[in-house]
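Here's the structure we're looking at; comments come further down.
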Amino acid sequence: MNDTIRQTACALLLASLGALLGCEQKPATPPESAQGAALVPISEKAASDLSLAIWQAGQAQVMHTRATAATLRHAVAALLEHPSEDRLEKARLAWLDAHREFAAMLPYIQLAFSPVALRSQGRELLLTLDSWPAHAGYLDTVPGYSDSGIVNDTAIELTLANLRKQHRLTAHEEASIGFHALEVMLWGPTSERMAEQFVADSRGEKPEALAANRRRTLTRLIAQGIEEDMDGLARSWPSTANHLSRRYLALGPVARLQQIRAAHTQVIDELLLPRLPEGSDSDVESSRAADSKQALLAAMATLQSNWIPTGGSGLAELLLDRHQVSALEQTFADLEALLLEMEDPFELAELGQLAKARKLLEKVAGLMAGTTQIPVSEMDVMPVVLPVE
C-alpha cells in the first residue's frame with residue numbers, strides 16, 4: 001500500500017510536469033525590472049499545472065508519512081507485547097523509515113504553513129514531531145543518575161496530554177514527545193538499549209509505578225502521539241479540507257510559484273542547514289539512531305524532485321535560466337555524492353566535509369532563489385524574476 005501511494009504521487013507530479021513545456025497559453029506579461037531589463041515570461045498554464053502538481057505530491061507524501069507512523073506505532077506495540085531483540089530491531093527500523101519520510105515531507109510542510117496566519121501552527125507542529133536534540137535524562141535513567149527522567153518521576157501521571165504539557169517545559173532539550181523522544185526510548189540514553197528493559201514487572205503493590213512499566217507506557221504514548229499528529233496533518237491537507245489548501249489554492253498560479261520558491265529556500269536556511277553542525281562535537285539530530293545524513297538526503301530528494309525531476313520539467317525550467325538550471329543540477333549531484341561519503345551521524349563527519357556540505361546547501365538555496373550568479377558571457381545573460389501578480 002505504501003509503495004502504491006508513493007508511485008501514484010510520482011506519477012501525478014511527472015504527468016503534470018511533462019506537459020509544461022508544451023503549453024501554448026499566452027504567458028503572463030511581466031513588468032520591467034528596476035534596471036529596465038526584460039524578464040523571462042512565465043506561462044500561466046504552466047505555472048498552474050506545476051503548482052497544483054507540487055501540492056498534490058505534498059499530499060501524497062503526507063499520506064505516505066502517516067502510513068509509516070502507523071507502522072511505527074504497531075511495531076512499538078508488538079515490542080511491548082512480547083519484548084525481544086528481534087522486535088526491538090523491527091521497531092527501530094520502523095522509526096528510521098518514518099523519520100526519513102518525515103524529513104522528505106519538510107519542504108511541503110514549509111510550503112503549507114507559509115501564510116502568516118499559519119506560521120505559528122507550522123512551527124508548533126515541527127516542534128511537536130521533530131524537536132531536537134532530546135535530553136535523555138529528561139526521559140529515562142542515565143548513567144550516574146538512577147532516578148532521573150519521567151520514567152522515574154511518579155508525580156507525573158503518564159498520559160499523552162501530560163506528556164504534551166511536559167514537552168519543552170523549561171528548556172528546548174526537554175523533549176517528551178516526537179521522533180527524537182522515541183529515539184531515546186528505542187535506542188536508550190547510551191545507544192545500548194536491550195529488549196529486556198521493556199519487560200513488564202508485576203512486583204509490588206503498585207507495579208504501574210515501577211520504572212520498567214513506566215518505560216513501557218512512556219514509549220507507547222510517544223509512538224501514539226506521533227501517529228495522532230500525522231493523522232491531524234493528513235486531514236488538513238486535501239483541497240476539500242479548507243484549512244491548509246484553501247489559502248494556497250486562492251493564490252494565482254504565479255503567486256503560488258513565488259510561495260514555493262520562498263518556502264524551499266527557507267526550508268534550507270531554517271531547517272536543513274541547522275542539521276549540519278559547524279563542529280564535529282555539536283549536537284546532531286539523530287545521534288543515537290545514526291540517521292542525520294539519511295534524513296537530510298530524504299529532504300534534499302524532495303527538493304530535487306520539485307526543481308529538476310527525472311523525466312520531466314520542474315520549477316527550475318520555469319524560474320531559472322539555462323545556466324542556473326545546469327548549475328543547480330550539478331550542485332544537487334555534488335551534494336548527494338558528498339553526503340554519501342560522510343559518516344552518519346554528522347557528529348562523526350570530518351570538519352572539512354561538514355563545511356563543504358554547508359556551502360553546497362547554501363549554493364542550492366541561492367540558485368533556487370535566483371540570486372546566485374553563474375559566470376557566463378554578457379551576451380548570454382537573461383535575468384529571471386517572477387512578475388508580481
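Ordered as shown in the C-alpha cells, chains take letters A, B, and onward, while each chain numbers its residues from 1 and ligands are numbered from 1 in the order shown.
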
Next on the checklist: Excluding stretch 195-202 of chain A and its own-chain neighbours fewer than 3 positions away, which residues fall within 10 Å of it when counting only C-alpha atoms? Please give them as a VMD selection string.
Outcome noted: chain A and resid 79 to 89 185 to 188 192 205 to 217 219

Next on the checklist: Give me, as an MDAnalysis selection string, the residues of stretch 64-301 of chain A that a backbone DSSP run labels alpha helix (DSSP H).
Outcome noted: chainID A and resid 64:81 85:112 119:130 160:166 179:187 211:236 245:249 253:266 292:301

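Here atom CA of A:Trp55 is placed at a distance of 16.0 Å from atom CA of A:Val267.
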
Checklist entry - Please, what distance in Å, to one decimal, runs between atom CA of A:Ser286 and atom CA of A:Ser191? => result 11.1 Å

Checklist entry - Could you work out how far atom CA of A:Leu360 lies from atom CA of A:Ser51, giving the answer in Å with one decimal? => result 25.9 Å

Checklist entry - If we count only C-alpha atoms, what is near stretch 159-161 of chain A at a cut-off of 7 Å, once residues fewer than 2 positions away on the same chain are taken out, given as a VMD selection string? => result chain A and resid 157 163 to 165 221 225

Write the selection just made, keeping C-alpha atoms, as a PDB file, in the first residue's frame?
ATOM      1  CA  GLU A 157       0.842  10.796  35.502  1.00  0.00           C
ATOM      2  CA  LEU A 163       3.439  14.453  28.012  1.00  0.00           C
ATOM      3  CA  ARG A 164       2.396  17.274  25.698  1.00  0.00           C
ATOM      4  CA  LYS A 165       2.403  19.633  28.682  1.00  0.00           C
ATOM      5  CA  LEU A 221       2.385   7.033  24.353  1.00  0.00           C
ATOM      6  CA  GLY A 225       1.362  10.824  19.738  1.00  0.00           C
TER       7      GLY A 225
END

Quick one: contact table of stretch 155-272 of chain A to stretch 117-134 of chain A, 9 Å max, nearest atom pair and distance in Å to one decimal per residue, counting only C-alpha atoms, chain and number order, as JSON lines?
{"residue": "A:Arg164", "atom": "CA", "partner": "A:Thr128", "partner_atom": "CA", "distance": 8.2}
{"residue": "A:His167", "atom": "CA", "partner": "A:Thr128", "partner_atom": "CA", "distance": 7.9}
{"residue": "A:Arg168", "atom": "CA", "partner": "A:Ser131", "partner_atom": "CA", "distance": 8.5}
{"residue": "A:His172", "atom": "CA", "partner": "A:Ser131", "partner_atom": "CA", "distance": 7.6}
{"residue": "A:Glu173", "atom": "CA", "partner": "A:Ala134", "partner_atom": "CA", "distance": 5.0}
{"residue": "A:Glu174", "atom": "CA", "partner": "A:Ala134", "partner_atom": "CA", "distance": 6.1}
{"residue": "A:Ala175", "atom": "CA", "partner": "A:Ala134", "partner_atom": "CA", "distance": 5.2}
{"residue": "A:Ser176", "atom": "CA", "partner": "A:Ala134", "partner_atom": "CA", "distance": 8.1}
{"residue": "A:Ile177", "atom": "CA", "partner": "A:Thr128", "partner_atom": "CA", "distance": 6.6}
{"residue": "A:Gly178", "atom": "CA", "partner": "A:Leu129", "partner_atom": "CA", "distance": 4.1}
{"residue": "A:Phe179", "atom": "CA", "partner": "A:Asp130", "partner_atom": "CA", "distance": 5.7}
{"residue": "A:His180", "atom": "CA", "partner": "A:Ala134", "partner_atom": "CA", "distance": 5.9}
{"residue": "A:Ala181", "atom": "CA", "partner": "A:Ala134", "partner_atom": "CA", "distance": 6.0}
{"residue": "A:Glu183", "atom": "CA", "partner": "A:Ala134", "partner_atom": "CA", "distance": 8.6}
{"residue": "A:Val184", "atom": "CA", "partner": "A:Ala134", "partner_atom": "CA", "distance": 7.4}
{"residue": "A:Gly225", "atom": "CA", "partner": "A:Leu129", "partner_atom": "CA", "distance": 8.6}
{"residue": "A:Ile226", "atom": "CA", "partner": "A:Leu129", "partner_atom": "CA", "distance": 6.5}
{"residue": "A:Asp229", "atom": "CA", "partner": "A:Leu129", "partner_atom": "CA", "distance": 7.6}
{"residue": "A:Met230", "atom": "CA", "partner": "A:Leu129", "partner_atom": "CA", "distance": 8.7}
{"residue": "A:Leu233", "atom": "CA", "partner": "A:Leu125", "partner_atom": "CA", "distance": 8.8}
{"residue": "A:Leu244", "atom": "CA", "partner": "A:Leu118", "partner_atom": "CA", "distance": 8.3}

Checklist entry - Taking into account only C-alpha atoms, which residue in the set A:Leu340, A:Leu318, A:Ser313, A:Leu351 is nearest to A:Gln294? => result A:Leu340

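Among the candidates A:Pro41, A:Pro107, A:Gly144, A:Gly279, the one nearest to A:Trp307 when counting only C-alpha atoms is A:Pro107.
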
Item to check | Contacts of A:Thr265 at 12 Å (only C-alpha atoms; same-chain gap of 4+ positions) as an MDAnalysis selection string | outcome: chainID A and resid 106:107 110:111 114 258:261 269:273 300 303 307 361:371
